[in-house]
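Participant: If you scroll down you'll find the structure; I have some questions about it.
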Amino acid sequence: MSSGIRRRVIGWAAASVALAFALWVGVFLWRPSYALPLPPIQGHEAFRAAPSSLILDRQGRLIYEIISPQEGMHRPVPLSEIPLALQQAVIATEDASFYQNPGLDLRGILRAAWINLRYRKVVSGGSTITQQLARSLFLSPEERARQSFWRKAQEAVLAYYLTRSLGKETILERYLNTIYFGNMAYGAEAAARAYFGKPASQLDLAECALLAGLPQAPGAYNPLVNWEAAKARQETVLGLMVKAGYITPQEAELAYQEPLHFASTPFPIEAPHFAMLVREQTAQILGQEALERGGLRIHTTLDLDLQRQAEAHLRRHLAALNKPSSRSEGHNARNAAALVLDPRDGAVLAMVGSPDYFDASIDGAVNAVFALRQPGSALKPFTYAAAFEAGYSPGSVLADVRTVFFTKEGAPYVPVNYDRRYHGPVSLREALASSYNVVAVKLLDHIGVERLPEMTRRVGITSLNDADRLGLAMTLGGVEVSLWELTRAYAVLAAGGRWVEPQTIAFIEDDRGQRLYTAPAPPERQVLDARIAYLITNILADKQARIPGFGEGSALELPFPAAVKTGTTSAWRDNWTVGYTRERVVGVWVGNADNTSMRNVSGVTGAAPIWNAIMQSAHAQPPAPFVEPEGLVHVAVCTESGLLPSSACPHIREEIFLAENAPHKVCTMHRFVAFDAASGAPAGPETPPERRLLRRVTLWPDELRPWAEENGLLSPWEEYALTETSEAPTAAGPSPERPLAQAQPPLRLTSPDPYSIFILSEDIPKDAQKLEIAVLASASLRWRYIALLINGQEWHRWEAPPYRLLWPLQEGDYVLTAVGEDVNGQTFQSSPVPIRVSLPYVEKG
C-alpha cells in the first residue's frame, strides 16, 4: 500500500472514530446509563486498602514493609490547608483547563485517539485531573492496569459524572489527597512530610513546583535518587505556571534558584536508601499499579548483617573524625556513603546512602551513593589501564619533575604532587600505587586525553563525556562521578575485566508464591583485557610500591591481599577509598552534602578507615588470592630506566609485562668509568691495570637533569663517560619498543612558564623584584656558549653551567628565547616563552 493511500485510510478511520465518539457523547449527555454502565457513586469517599508488600534481604529477613495508604502513609487535609501554589502547579501541569472542562478534555481525547489509532494501540491517554481521580476511586486495580479504549471511555464517563455530582473544589481536594508522589507518599500532606519534613501548608513555591512534577513519573523524578531529573522537572512545572499566568518569570527564576532541603518522616525501616531504590525499581519492573495493589514479596541481594555493620562502621568513624580535641575542633566531616558489591554477579550486598536517613541537617534522605562528586585520584587506575593498552607497562619509567602543560586555551598548567615534591625517575607501578599526580597527567598527555573517557565508558562510568573541555585534569579527578558508577568500575577490575551490572533485586513473587520476576543472569562480556585488569590489581595491591606515598601501616593495609586506591579533592571537599578482592568490592565516600570543606581530611584518613573496617566485616574468611592470567611475563629491569639491566645498573627489580610489551633494549643510563686509583684522574692507556678501578656513573636524561642537580646527583665523571661512547643515555619513558614520549629539544627554558603574568608589588623595593630564568641544555652536546635573548636582543651569555640568572622585572611584554652553539659550530634555539610584567591594578572612582 502506498504512503498516500495509507494516509487516506488512516484519515477515514480517524473521521469515523470522531463521528462515533460524537454520537456516543450525545447519547451520554442525554442518558448516561445508556452510553455506559456506571458503578455506584456512593462510598467513593473511601480509599481502597491494599495488602502490604515486603522488601526482604537475601536470607528472607524483612527490610521494609510497604504500608498501604490508609494505614498511615495517607493524610487527607482540607483544600484550605493545601497551598494555592501547589494547587496551581498541579493544575498547570496535569490539566490546564481543569476549571473550564466538564471533567474530560474532548480535544485531548481526540488527539489521544488519533495517536492511538496511528500506532494501533493505546499509547496516549489525555486524562484530566477528574479522569485520574475517577480511575483511582471507581476502577479496580485490574481495570486501572488495563490499556484499552473501553477503559478510557468508562473513565471519561465517570469523570463527567463526578464533575456533575461533586464540583471542582471537591474534586481537586480529593485528587490532591490521593495522588501518589513517590517515596511512599500518597497525597500532598504525606508528600510534604516525606520530602520536606513539614506539613503541606508550610510549602513554598519552589517546593510546590518540585512536588507537582512528581506524579507523572515518581520514580524517574524522585529527587532523593535522581536530583538532576527532578530539578529539570521542577523547571518545567514553573514554566507551565508562567504560561498559565499563575506566576511571573521572575518568580519562577527565584523559585528555581532556591536551595531545597530534604527530610523524611521517620518510619520503621532497615537500609532506607536501599529500600527506596528497590521500591522504585520494582515499580519500573512491574509497574506502579502492581506495586500499589500490594501483596509482593521482593527478595533482594542485600546482606542485612553486613548492612548493619557498614552503617555502624561509618557512623563510628564520623564521630571520631568530628570529636573535638585540645588541638582541633573536629574535622567537619558530616556525611559519608558506602557501597558493597559482589563482583562475581553484581549483587549489592550493602548500601549506606548517609549516616542518618532521617537527619535533615545533613540532607540524610538524599542517597549519596548516586550523588555526583569529584573523585580525585580514585580515577587514576583507568588512566593507567588505558596506557597499558597503548603499550606502557608497570615497569615503564617516566620523569616525575616539574612539567608545564598547556590547556586548550593556551594557558600553562603545572600539576603538583600531594606531598609537594618531585621524585625523579619513577616506574608506573610506584607512580600509581603512591598516587603521584605529575606522572598521571604526563601519562594521559602521552596517550591522548580521549583515551580516558573511552576507557571509563567501557567500565561503566558515564559522566566523562567532554574530553576536550575536561582536559588533562581529568586524570586527577577534575570531573564528577557517582560512588555507584565508580565502585562498579572497580568491580570490573576485580572481575578480571568482565562487565559487572549491579543487581539489587534477586526475584519478586506474589503473596501466593508465584514468581513474577527473576533477575537476569550476569552478562558474560569482556570489556577490558584480563591481563591489564590484573596488572592494575597487582599494582593497587602492592604494599611496597605504596610506601613512598602512604608509608607503612596505613588504613589501606588488611590482613589479606586487597587492591585499593584513595582519592582526595581540593579544599578537602571529598575523599574516597575504593578497593576489592575477588569476592567483594567496597567503595566509600566522605564529605558534606552541601559541598562545604572538611578540615584536614584525606582519603587515607577519612574514607580509608571505614573501607578497612567494612572490608574486614565483608570477609568472614580470608579471600582467595588474585590469579595471574596467561599472557604475562616476568622480567628483571633497571628501576630507573625500565629497560633490561646492564652490569652497571645499581637497582634492579622483577616486573610484570604483557608478553608482547616486554623490553628488549639494555639500559644505557648507568655506565662504568675507569679511573687511576693513585691520582684519582680518569684512566688512560698508560694507566697500569693494577691501578685501574671502575666508578659507576649515571647519565641523566635531559628531562631529569634539573632534578638530579637539585638533589646532588650529577657526577663530575659524567662528561668523561660521554666521551667514551657516542650513545646518548636512554630517556625515561614508556616501553622501549613503543617510544610514545616525545624527545626533549636540545635547548629549553624551564623557568618561567610561557604566558605567565607577573604583577609588580608596591610593598617591595623595585630592585629586589627579580625573576629566575633557567635554561636546560642537553648533556649529550658539548656547548661552546648559551645565550639568553629578550625580545630578540642578547641579554646574557653563559659559557658553562648552571644556566640560570635573576632578571630584574620591568613593566612590559617580553619574549624570552635561549640560543646556543656547540663545539662543532652547530646552533640551536629554544621555543619562545612570552611573559607579561604589569603594574598593580588601582581601582578608580
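Residue numbering restarts at 1 for every chain of the C-alpha cells, chains are lettered A, B, ... in their displayed order, and ligands are numbered from 1 as they appear.
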Skipping near chain neighbours, those fewer than 3 positions away, what residues fall within 9 Å of stretch 439-447 of chain A using only C-alpha atoms, listed as a ChimeraX atom specification?

Facilitator: /A:380,383-384,386-387,390,398-401,403,405,415,426,428,431-432,435-436,450-452,472-476,740-742

Participant: Would you save the residues of that selection, restricted to C-alpha atoms, as a compact mmCIF listing (two decimals), in the first residue's frame?

Facilitator:
# COMPACT_ATOMS: atom_id res chain seq x y z
CA LYS A 380 43.77 7.26 38.10
CA THR A 383 44.28 6.25 33.03
CA TYR A 384 46.91 3.59 33.67
CA ALA A 386 44.35 2.94 29.03
CA ALA A 387 48.14 3.44 29.00
CA ALA A 390 48.71 1.75 24.47
CA LEU A 398 58.51 8.49 33.50
CA ALA A 399 60.19 11.58 34.91
CA ASP A 400 58.35 12.98 37.92
CA VAL A 401 59.69 16.52 37.53
CA THR A 403 56.38 19.93 33.87
CA PHE A 405 51.35 21.57 30.06
CA PRO A 415 50.42 19.83 38.23
CA VAL A 426 59.63 6.57 38.83
CA LEU A 428 54.35 3.48 36.66
CA ALA A 431 53.51 6.29 40.48
CA LEU A 432 50.04 4.68 40.62
CA SER A 435 49.37 8.36 43.60
CA TYR A 436 51.81 10.79 42.02
CA GLU A 450 40.38 10.96 24.61
CA ARG A 451 41.58 7.53 25.79
CA LEU A 452 40.44 8.08 29.40
CA LEU A 472 44.39 16.63 31.36
CA ALA A 473 42.98 17.40 34.82
CA MET A 474 40.52 14.56 34.20
CA THR A 475 43.02 12.00 35.43
CA LEU A 476 43.32 13.85 38.77
CA LEU A 740 55.46 7.14 22.90
CA ALA A 741 57.17 10.03 24.71
CA GLN A 742 58.31 12.98 22.65

Participant: For A:Ala212, please output as a list of chain:residue names all residues within 9 Å (counting only C-alpha atoms; exclusion window: fewer than 4 positions along the same chain).

Facilitator: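 My list of contacting residues is A:Leu86, A:Gln87, A:Ala89, A:Val90, A:Ile91, A:Thr93, A:Glu94, A:Phe181, A:Glu207, A:Cys208, A:Gln216, A:Gln234, A:Val237.
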
Participant: I'd like the contact shell of A:Arg546 - 9 Å cut-off, only C-alpha atoms, skipping same-chain residues fewer than 2 positions apart - returned as a PyMOL selection string.

Facilitator: chain A and resi 429-435+539-544+548-552

Participant: Those residues with all heavy atoms, as a CSV table (one decimal), in the first residue's frame please?

Facilitator:
chain,number,residue,atom,x,y,z
A,429,ARG,N,54.4,1.6,38.2
A,429,ARG,CA,53.9,0.9,39.4
A,429,ARG,C,53.9,1.8,40.7
A,429,ARG,O,52.9,1.9,41.4
A,429,ARG,CB,54.8,-0.3,39.6
A,429,ARG,CG,54.5,-1.1,41.0
A,429,ARG,CD,55.3,-2.3,41.1
A,429,ARG,NE,55.0,-3.3,40.1
A,429,ARG,CZ,54.0,-4.2,40.2
A,429,ARG,NH1,53.2,-4.2,41.3
A,429,ARG,NH2,53.8,-5.0,39.3
A,430,GLU,N,55.1,2.4,40.9
A,430,GLU,CA,55.2,3.3,42.1
A,430,GLU,C,54.3,4.5,41.9
A,430,GLU,O,53.7,5.0,42.9
A,430,GLU,CB,56.7,3.7,42.3
A,430,GLU,CG,56.8,4.6,43.5
A,430,GLU,CD,58.3,5.1,43.6
A,430,GLU,OE1,59.2,4.4,43.3
A,430,GLU,OE2,58.5,6.3,44.1
A,431,ALA,N,54.3,5.1,40.7
A,431,ALA,CA,53.5,6.3,40.5
A,431,ALA,C,52.0,6.1,40.8
A,431,ALA,O,51.4,6.9,41.4
A,431,ALA,CB,53.7,6.8,39.0
A,432,LEU,N,51.5,5.0,40.4
A,432,LEU,CA,50.0,4.7,40.6
A,432,LEU,C,49.8,4.3,42.1
A,432,LEU,O,48.9,4.8,42.7
A,432,LEU,CB,49.5,3.6,39.7
A,432,LEU,CG,48.1,3.1,40.0
A,432,LEU,CD1,47.1,4.2,39.9
A,432,LEU,CD2,47.7,2.0,39.0
A,433,ALA,N,50.6,3.4,42.6
A,433,ALA,CA,50.5,2.9,44.0
A,433,ALA,C,50.6,4.1,45.0
A,433,ALA,O,49.9,4.2,46.0
A,433,ALA,CB,51.4,1.8,44.3
A,434,SER,N,51.5,5.0,44.7
A,434,SER,CA,51.8,6.2,45.6
A,434,SER,C,51.0,7.4,45.1
A,434,SER,O,51.1,8.5,45.8
A,434,SER,CB,53.3,6.5,45.7
A,434,SER,OG,53.9,5.4,46.4
A,435,SER,N,50.3,7.3,44.1
A,435,SER,CA,49.4,8.4,43.6
A,435,SER,C,50.1,9.7,43.3
A,435,SER,O,49.7,10.7,43.7
A,435,SER,CB,48.3,8.6,44.6
A,435,SER,OG,47.1,9.2,44.1
A,539,ILE,N,49.2,-3.8,41.0
A,539,ILE,CA,49.8,-2.6,41.5
A,539,ILE,C,49.1,-2.1,42.7
A,539,ILE,O,49.7,-1.7,43.7
A,539,ILE,CB,49.8,-1.5,40.4
A,539,ILE,CG1,50.7,-1.9,39.2
A,539,ILE,CG2,50.2,-0.1,40.9
A,539,ILE,CD1,50.6,-1.0,38.0
A,540,LEU,N,47.8,-2.0,42.6
A,540,LEU,CA,47.0,-1.5,43.7
A,540,LEU,C,47.1,-2.4,45.0
A,540,LEU,O,46.7,-1.9,46.1
A,540,LEU,CB,45.5,-1.4,43.3
A,540,LEU,CG,45.2,-0.4,42.2
A,540,LEU,CD1,43.7,-0.3,41.9
A,540,LEU,CD2,45.8,1.0,42.5
A,541,ALA,N,47.5,-3.6,44.8
A,541,ALA,CA,47.7,-4.5,46.0
A,541,ALA,C,49.1,-4.5,46.5
A,541,ALA,O,49.4,-5.3,47.4
A,541,ALA,CB,47.2,-5.9,45.6
A,542,ASP,N,50.0,-3.8,45.8
A,542,ASP,CA,51.4,-3.8,46.1
A,542,ASP,C,51.7,-2.9,47.3
A,542,ASP,O,51.8,-1.7,47.2
A,542,ASP,CB,52.2,-3.4,44.9
A,542,ASP,CG,53.7,-3.6,45.1
A,542,ASP,OD1,54.2,-3.7,46.2
A,542,ASP,OD2,54.4,-3.7,44.0
A,543,LYS,N,51.9,-3.4,48.5
A,543,LYS,CA,52.2,-2.6,49.7
A,543,LYS,C,53.5,-1.9,49.6
A,543,LYS,O,53.6,-0.8,50.1
A,543,LYS,CB,52.2,-3.5,50.9
A,543,LYS,CG,50.8,-4.2,51.2
A,543,LYS,CD,50.9,-5.1,52.5
A,543,LYS,CE,49.6,-5.8,52.7
A,543,LYS,NZ,49.6,-6.6,53.9
A,544,GLN,N,54.5,-2.5,49.0
A,544,GLN,CA,55.8,-1.9,48.9
A,544,GLN,C,55.8,-0.7,48.0
A,544,GLN,O,56.4,0.4,48.3
A,544,GLN,CB,56.9,-2.9,48.4
A,544,GLN,CG,57.2,-4.0,49.4
A,544,GLN,CD,57.8,-3.5,50.7
A,544,GLN,OE1,57.2,-3.7,51.8
A,544,GLN,NE2,58.9,-2.7,50.6
A,548,PRO,N,56.2,4.8,49.5
A,548,PRO,CA,56.6,6.2,49.3
A,548,PRO,C,55.5,7.2,49.4
A,548,PRO,O,55.8,8.3,49.9
A,548,PRO,CB,57.2,6.2,47.9
A,548,PRO,CG,57.6,4.8,47.6
A,548,PRO,CD,56.6,3.9,48.3
A,549,GLY,N,54.3,6.9,49.0
A,549,GLY,CA,53.2,7.8,49.1
A,549,GLY,C,52.4,7.8,50.4
A,549,GLY,O,51.9,8.8,50.9
A,550,PHE,N,52.3,6.6,51.0
A,550,PHE,CA,51.4,6.5,52.2
A,550,PHE,C,52.1,5.9,53.4
A,550,PHE,O,51.5,5.9,54.5
A,550,PHE,CB,50.3,5.5,51.8
A,550,PHE,CG,49.4,6.0,50.7
A,550,PHE,CD1,49.6,5.7,49.4
A,550,PHE,CD2,48.4,6.9,51.0
A,550,PHE,CE1,48.8,6.1,48.4
A,550,PHE,CE2,47.6,7.4,49.9
A,550,PHE,CZ,47.8,7.0,48.6
A,551,GLY,N,53.4,5.5,53.3
A,551,GLY,CA,54.1,5.0,54.5
A,551,GLY,C,53.6,3.6,54.8
A,551,GLY,O,52.8,3.0,54.1
A,552,GLU,N,54.1,3.0,55.9
A,552,GLU,CA,53.8,1.7,56.3
A,552,GLU,C,52.7,1.7,57.4
A,552,GLU,O,52.6,2.7,58.1
A,552,GLU,CB,55.0,0.9,56.8
A,552,GLU,CG,56.1,0.7,55.8
A,552,GLU,CD,57.2,-0.1,56.3
A,552,GLU,OE1,57.0,-1.4,56.4
A,552,GLU,OE2,58.3,0.4,56.6

Participant: Report as a ChimeraX atom specification all protein, DNA and RNA residues lying within 9 Å of stretch 336-344 of chain A, evaluated on only C-alpha atoms, omitting residues in the same chain fewer than 4 positions from it.

Facilitator: /A:306-307,310-311,314-315,318,348-355,367-369,483-484,487-488,490-495,500-503,522,580-593,607,610-611,614-615,618

Participant: Enumerate as a ChimeraX atom specification all residues of stretch 304-425 of chain A assigned to alpha helix (DSSP H) by DSSP on the backbone, naming them with the chain letters and numbers the document uses.

Facilitator: /A:304-321,380-389

Participant: Write out as a ChimeraX atom specification the set of residues from stretch 325-545 of chain A that DSSP, computed on the backbone, places in strand (DSSP E or B).

Facilitator: /A:335-341,347-352,372-373,397-400,405-406,412-413,424-427,481-482,498,503,505-510,515-518,526

Participant: Using Å and a single decimal, report how far atom CA of A:Gly346 sits from atom CA of A:Asp57.

Facilitator: 15.3 Å

Participant: Could you tell me which of A:Ala555, A:Leu238, A:Tyr161, A:Leu133 comes closest to A:Thr178 if we count only C-alpha atoms?

Facilitator: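 Closest candidate: A:Leu133.
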
Participant: Quick one: residues within 12 Å of A:Trp783, only C-alpha atoms, excluding same-chain residues fewer than 5 positions away - as a PyMOL selection string?

Facilitator: chain A and resi 719+746-747+776-778+797-801+803+819-828

Participant: Selected residues, N, CA, C and O atoms, written as a PDB file, in the first residue's frame, please.

Facilitator:
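This is the output file result_34.pdb:
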ATOM      1  N   GLU A 719      80.841  13.832  32.079  1.00  0.00           N
ATOM      2  CA  GLU A 719      81.363  14.266  30.782  1.00  0.00           C
ATOM      3  C   GLU A 719      82.352  13.246  30.223  1.00  0.00           C
ATOM      4  O   GLU A 719      82.359  12.951  29.027  1.00  0.00           O
ATOM      5  N   PRO A 746      67.071  20.131  22.388  1.00  0.00           N
ATOM      6  CA  PRO A 746      68.405  20.361  22.981  1.00  0.00           C
ATOM      7  C   PRO A 746      68.435  21.555  23.926  1.00  0.00           C
ATOM      8  O   PRO A 746      69.189  21.557  24.898  1.00  0.00           O
ATOM      9  N   LEU A 747      67.638  22.589  23.642  1.00  0.00           N
ATOM     10  CA  LEU A 747      67.585  23.778  24.487  1.00  0.00           C
ATOM     11  C   LEU A 747      66.132  24.026  24.890  1.00  0.00           C
ATOM     12  O   LEU A 747      65.239  23.990  24.038  1.00  0.00           O
ATOM     13  N   LEU A 776      67.576  24.735  30.242  1.00  0.00           N
ATOM     14  CA  LEU A 776      68.014  23.346  30.296  1.00  0.00           C
ATOM     15  C   LEU A 776      68.687  23.011  28.970  1.00  0.00           C
ATOM     16  O   LEU A 776      68.073  23.115  27.907  1.00  0.00           O
ATOM     17  N   ALA A 777      69.957  22.612  29.041  1.00  0.00           N
ATOM     18  CA  ALA A 777      70.727  22.277  27.843  1.00  0.00           C
ATOM     19  C   ALA A 777      71.058  20.794  27.847  1.00  0.00           C
ATOM     20  O   ALA A 777      71.419  20.228  28.887  1.00  0.00           O
ATOM     21  N   SER A 778      70.918  20.150  26.717  1.00  0.00           N
ATOM     22  CA  SER A 778      71.148  18.714  26.608  1.00  0.00           C
ATOM     23  C   SER A 778      72.581  18.367  26.997  1.00  0.00           C
ATOM     24  O   SER A 778      73.546  18.984  26.522  1.00  0.00           O
ATOM     25  N   ARG A 797      75.100  35.885  28.367  1.00  0.00           N
ATOM     26  CA  ARG A 797      75.737  34.730  27.730  1.00  0.00           C
ATOM     27  C   ARG A 797      76.444  33.888  28.787  1.00  0.00           C
ATOM     28  O   ARG A 797      77.157  34.408  29.644  1.00  0.00           O
ATOM     29  N   TRP A 798      76.193  32.540  28.724  1.00  0.00           N
ATOM     30  CA  TRP A 798      76.870  31.606  29.620  1.00  0.00           C
ATOM     31  C   TRP A 798      77.877  30.775  28.814  1.00  0.00           C
ATOM     32  O   TRP A 798      77.587  30.381  27.678  1.00  0.00           O
ATOM     33  N   GLU A 799      78.994  30.479  29.411  1.00  0.00           N
ATOM     34  CA  GLU A 799      79.970  29.584  28.776  1.00  0.00           C
ATOM     35  C   GLU A 799      80.120  28.277  29.532  1.00  0.00           C
ATOM     36  O   GLU A 799      80.860  27.390  29.097  1.00  0.00           O
ATOM     37  N   ALA A 800      79.391  28.183  30.666  1.00  0.00           N
ATOM     38  CA  ALA A 800      79.402  26.937  31.446  1.00  0.00           C
ATOM     39  C   ALA A 800      78.145  26.910  32.302  1.00  0.00           C
ATOM     40  O   ALA A 800      77.578  27.953  32.626  1.00  0.00           O
ATOM     41  N   PRO A 801      77.694  25.706  32.665  1.00  0.00           N
ATOM     42  CA  PRO A 801      76.519  25.625  33.543  1.00  0.00           C
ATOM     43  C   PRO A 801      76.883  26.089  34.954  1.00  0.00           C
ATOM     44  O   PRO A 801      78.080  26.180  35.284  1.00  0.00           O
ATOM     45  N   TYR A 803      72.953  27.241  33.924  1.00  0.00           N
ATOM     46  CA  TYR A 803      72.435  28.289  33.049  1.00  0.00           C
ATOM     47  C   TYR A 803      71.213  28.931  33.719  1.00  0.00           C
ATOM     48  O   TYR A 803      70.071  28.718  33.321  1.00  0.00           O
ATOM     49  N   VAL A 819      69.443  30.605  22.924  1.00  0.00           N
ATOM     50  CA  VAL A 819      70.166  30.149  21.738  1.00  0.00           C
ATOM     51  C   VAL A 819      71.520  29.611  22.187  1.00  0.00           C
ATOM     52  O   VAL A 819      72.047  30.021  23.235  1.00  0.00           O
ATOM     53  N   GLY A 820      72.069  28.683  21.439  1.00  0.00           N
ATOM     54  CA  GLY A 820      73.354  28.105  21.823  1.00  0.00           C
ATOM     55  C   GLY A 820      74.111  27.551  20.638  1.00  0.00           C
ATOM     56  O   GLY A 820      73.540  27.296  19.573  1.00  0.00           O
ATOM     57  N   GLU A 821      75.407  27.354  20.843  1.00  0.00           N
ATOM     58  CA  GLU A 821      76.261  26.793  19.806  1.00  0.00           C
ATOM     59  C   GLU A 821      77.150  25.742  20.434  1.00  0.00           C
ATOM     60  O   GLU A 821      77.729  25.951  21.511  1.00  0.00           O
ATOM     61  N   ASP A 822      77.216  24.560  19.802  1.00  0.00           N
ATOM     62  CA  ASP A 822      78.076  23.512  20.353  1.00  0.00           C
ATOM     63  C   ASP A 822      79.486  23.634  19.772  1.00  0.00           C
ATOM     64  O   ASP A 822      79.767  24.517  18.944  1.00  0.00           O
ATOM     65  N   VAL A 823      80.387  22.745  20.198  1.00  0.00           N
ATOM     66  CA  VAL A 823      81.791  22.852  19.810  1.00  0.00           C
ATOM     67  C   VAL A 823      81.992  22.566  18.326  1.00  0.00           C
ATOM     68  O   VAL A 823      83.058  22.878  17.771  1.00  0.00           O
ATOM     69  N   ASN A 824      80.998  22.004  17.679  1.00  0.00           N
ATOM     70  CA  ASN A 824      81.088  21.720  16.252  1.00  0.00           C
ATOM     71  C   ASN A 824      80.543  22.862  15.402  1.00  0.00           C
ATOM     72  O   ASN A 824      80.465  22.750  14.180  1.00  0.00           O
ATOM     73  N   GLY A 825      80.088  23.952  16.079  1.00  0.00           N
ATOM     74  CA  GLY A 825      79.587  25.097  15.353  1.00  0.00           C
ATOM     75  C   GLY A 825      78.121  25.010  14.990  1.00  0.00           C
ATOM     76  O   GLY A 825      77.592  25.896  14.312  1.00  0.00           O
ATOM     77  N   GLN A 826      77.436  23.975  15.459  1.00  0.00           N
ATOM     78  CA  GLN A 826      76.007  23.843  15.165  1.00  0.00           C
ATOM     79  C   GLN A 826      75.211  24.692  16.158  1.00  0.00           C
ATOM     80  O   GLN A 826      75.495  24.673  17.359  1.00  0.00           O
ATOM     81  N   THR A 827      74.231  25.447  15.667  1.00  0.00           N
ATOM     82  CA  THR A 827      73.441  26.331  16.537  1.00  0.00           C
ATOM     83  C   THR A 827      72.075  25.734  16.813  1.00  0.00           C
ATOM     84  O   THR A 827      71.495  25.007  15.986  1.00  0.00           O
ATOM     85  N   PHE A 828      71.534  26.072  17.992  1.00  0.00           N
ATOM     86  CA  PHE A 828      70.221  25.580  18.432  1.00  0.00           C
ATOM     87  C   PHE A 828      69.450  26.742  19.042  1.00  0.00           C
ATOM     88  O   PHE A 828      70.051  27.701  19.555  1.00  0.00           O
TER      89      PHE A 828
END

Participant: Kindly give the distance, in Å, that separates atom CA of A:Tyr357 and atom CA of A:Thr605, rounded to a single decimal.

Facilitator: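 Between atom CA of A:Tyr357 and atom CA of A:Thr605 the gap is 24.0 Å.
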
Participant: Compile the contact shell of stretch 182-196 of chain A as a VMD selection string: residues with an atom at most 9 Å away, counting only C-alpha atoms, same-chain residues fewer than 3 positions apart removed.

Facilitator: chain A and resid 66 to 69 73 to 77 81 to 82 86 174 to 179 199 to 203 207 to 208 211 214 to 215 217 to 219 221 to 224 260 to 266 276 279 to 280 360 365

Participant: So that I have them on file, write out the residues from the current selection with C-alpha atoms, as an mmCIF file, in the first residue's frame.

Facilitator:
data_model
loop_
_atom_site.group_PDB
_atom_site.id
_atom_site.type_symbol
_atom_site.label_atom_id
_atom_site.label_comp_id
_atom_site.auth_asym_id
_atom_site.auth_seq_id
_atom_site.Cartn_x
_atom_site.Cartn_y
_atom_site.Cartn_z
ATOM 1 C CA ILE A 66 5.406 -1.049 52.188
ATOM 2 C CA ILE A 67 2.342 0.141 54.052
ATOM 3 C CA SER A 68 -0.937 0.817 52.255
ATOM 4 C CA PRO A 69 -2.169 4.440 52.287
ATOM 5 C CA MET A 73 1.029 6.962 54.774
ATOM 6 C CA HIS A 74 -2.088 8.783 53.610
ATOM 7 C CA ARG A 75 -3.109 12.002 55.443
ATOM 8 C CA PRO A 76 -6.136 13.765 53.925
ATOM 9 C CA VAL A 77 -6.380 17.506 54.634
ATOM 10 C CA GLU A 81 -4.566 23.587 54.085
ATOM 11 C CA ILE A 82 -3.012 22.912 50.691
ATOM 12 C CA LEU A 86 0.595 23.634 44.883
ATOM 13 C CA ARG A 174 -9.877 14.595 46.636
ATOM 14 C CA TYR A 175 -7.269 14.452 43.892
ATOM 15 C CA LEU A 176 -4.587 16.233 45.911
ATOM 16 C CA ASN A 177 -5.292 13.888 48.812
ATOM 17 C CA THR A 178 -4.994 10.660 46.819
ATOM 18 C CA ILE A 179 -2.370 11.191 44.127
ATOM 19 C CA PRO A 199 3.011 19.988 56.683
ATOM 20 C CA ALA A 200 1.746 20.917 53.239
ATOM 21 C CA SER A 201 0.514 24.291 54.476
ATOM 22 C CA GLN A 202 4.151 25.392 55.015
ATOM 23 C CA LEU A 203 5.390 24.600 51.495
ATOM 24 C CA GLU A 207 8.805 23.062 46.996
ATOM 25 C CA CYS A 208 5.310 23.055 45.471
ATOM 26 C CA LEU A 211 6.151 18.075 44.207
ATOM 27 C CA LEU A 214 6.390 14.037 40.581
ATOM 28 C CA PRO A 215 3.023 12.322 39.911
ATOM 29 C CA ALA A 217 6.713 9.598 36.924
ATOM 30 C CA PRO A 218 7.512 9.413 40.674
ATOM 31 C CA GLY A 219 10.428 7.045 40.185
ATOM 32 C CA TYR A 221 11.744 12.323 39.073
ATOM 33 C CA ASN A 222 12.488 11.205 42.639
ATOM 34 C CA PRO A 223 14.785 13.989 43.951
ATOM 35 C CA LEU A 224 16.314 11.679 46.534
ATOM 36 C CA LEU A 260 15.967 22.775 48.718
ATOM 37 C CA HIS A 261 16.491 20.880 51.957
ATOM 38 C CA PHE A 262 15.030 17.420 52.218
ATOM 39 C CA ALA A 263 13.901 15.474 55.244
ATOM 40 C CA SER A 264 11.892 12.346 55.917
ATOM 41 C CA THR A 265 9.271 11.342 58.430
ATOM 42 C CA PRO A 266 10.846 8.532 60.494
ATOM 43 C CA MET A 276 13.764 3.352 48.488
ATOM 44 C CA ARG A 279 10.836 0.254 45.708
ATOM 45 C CA GLU A 280 11.373 2.499 42.691
ATOM 46 C CA ALA A 360 17.508 16.798 57.693
ATOM 47 C CA ALA A 365 17.426 11.248 52.860
#

Participant: Write out as a ChimeraX atom specification which residues come within 10 Å of A:Arg696 when counting only C-alpha atoms, dropping same-chain ones fewer than 4 positions away.

Facilitator: /A:647-650,670-674,715,717-718,721

Participant: What is the distance, in Å and to one decimal place, between atom CA of A:Phe138 and atom CA of A:Ala159?

Facilitator: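 Spanning atom CA of A:Phe138 to atom CA of A:Ala159 is a straight-line distance of 10.1 Å.
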
Participant: Give the answer as one residue: which of A:Asp574, A:Glu654, A:Glu169, A:Glu509 has the shortest atom-to-atom distance to A:Asp594, using only C-alpha atoms?

Facilitator: A:Asp574
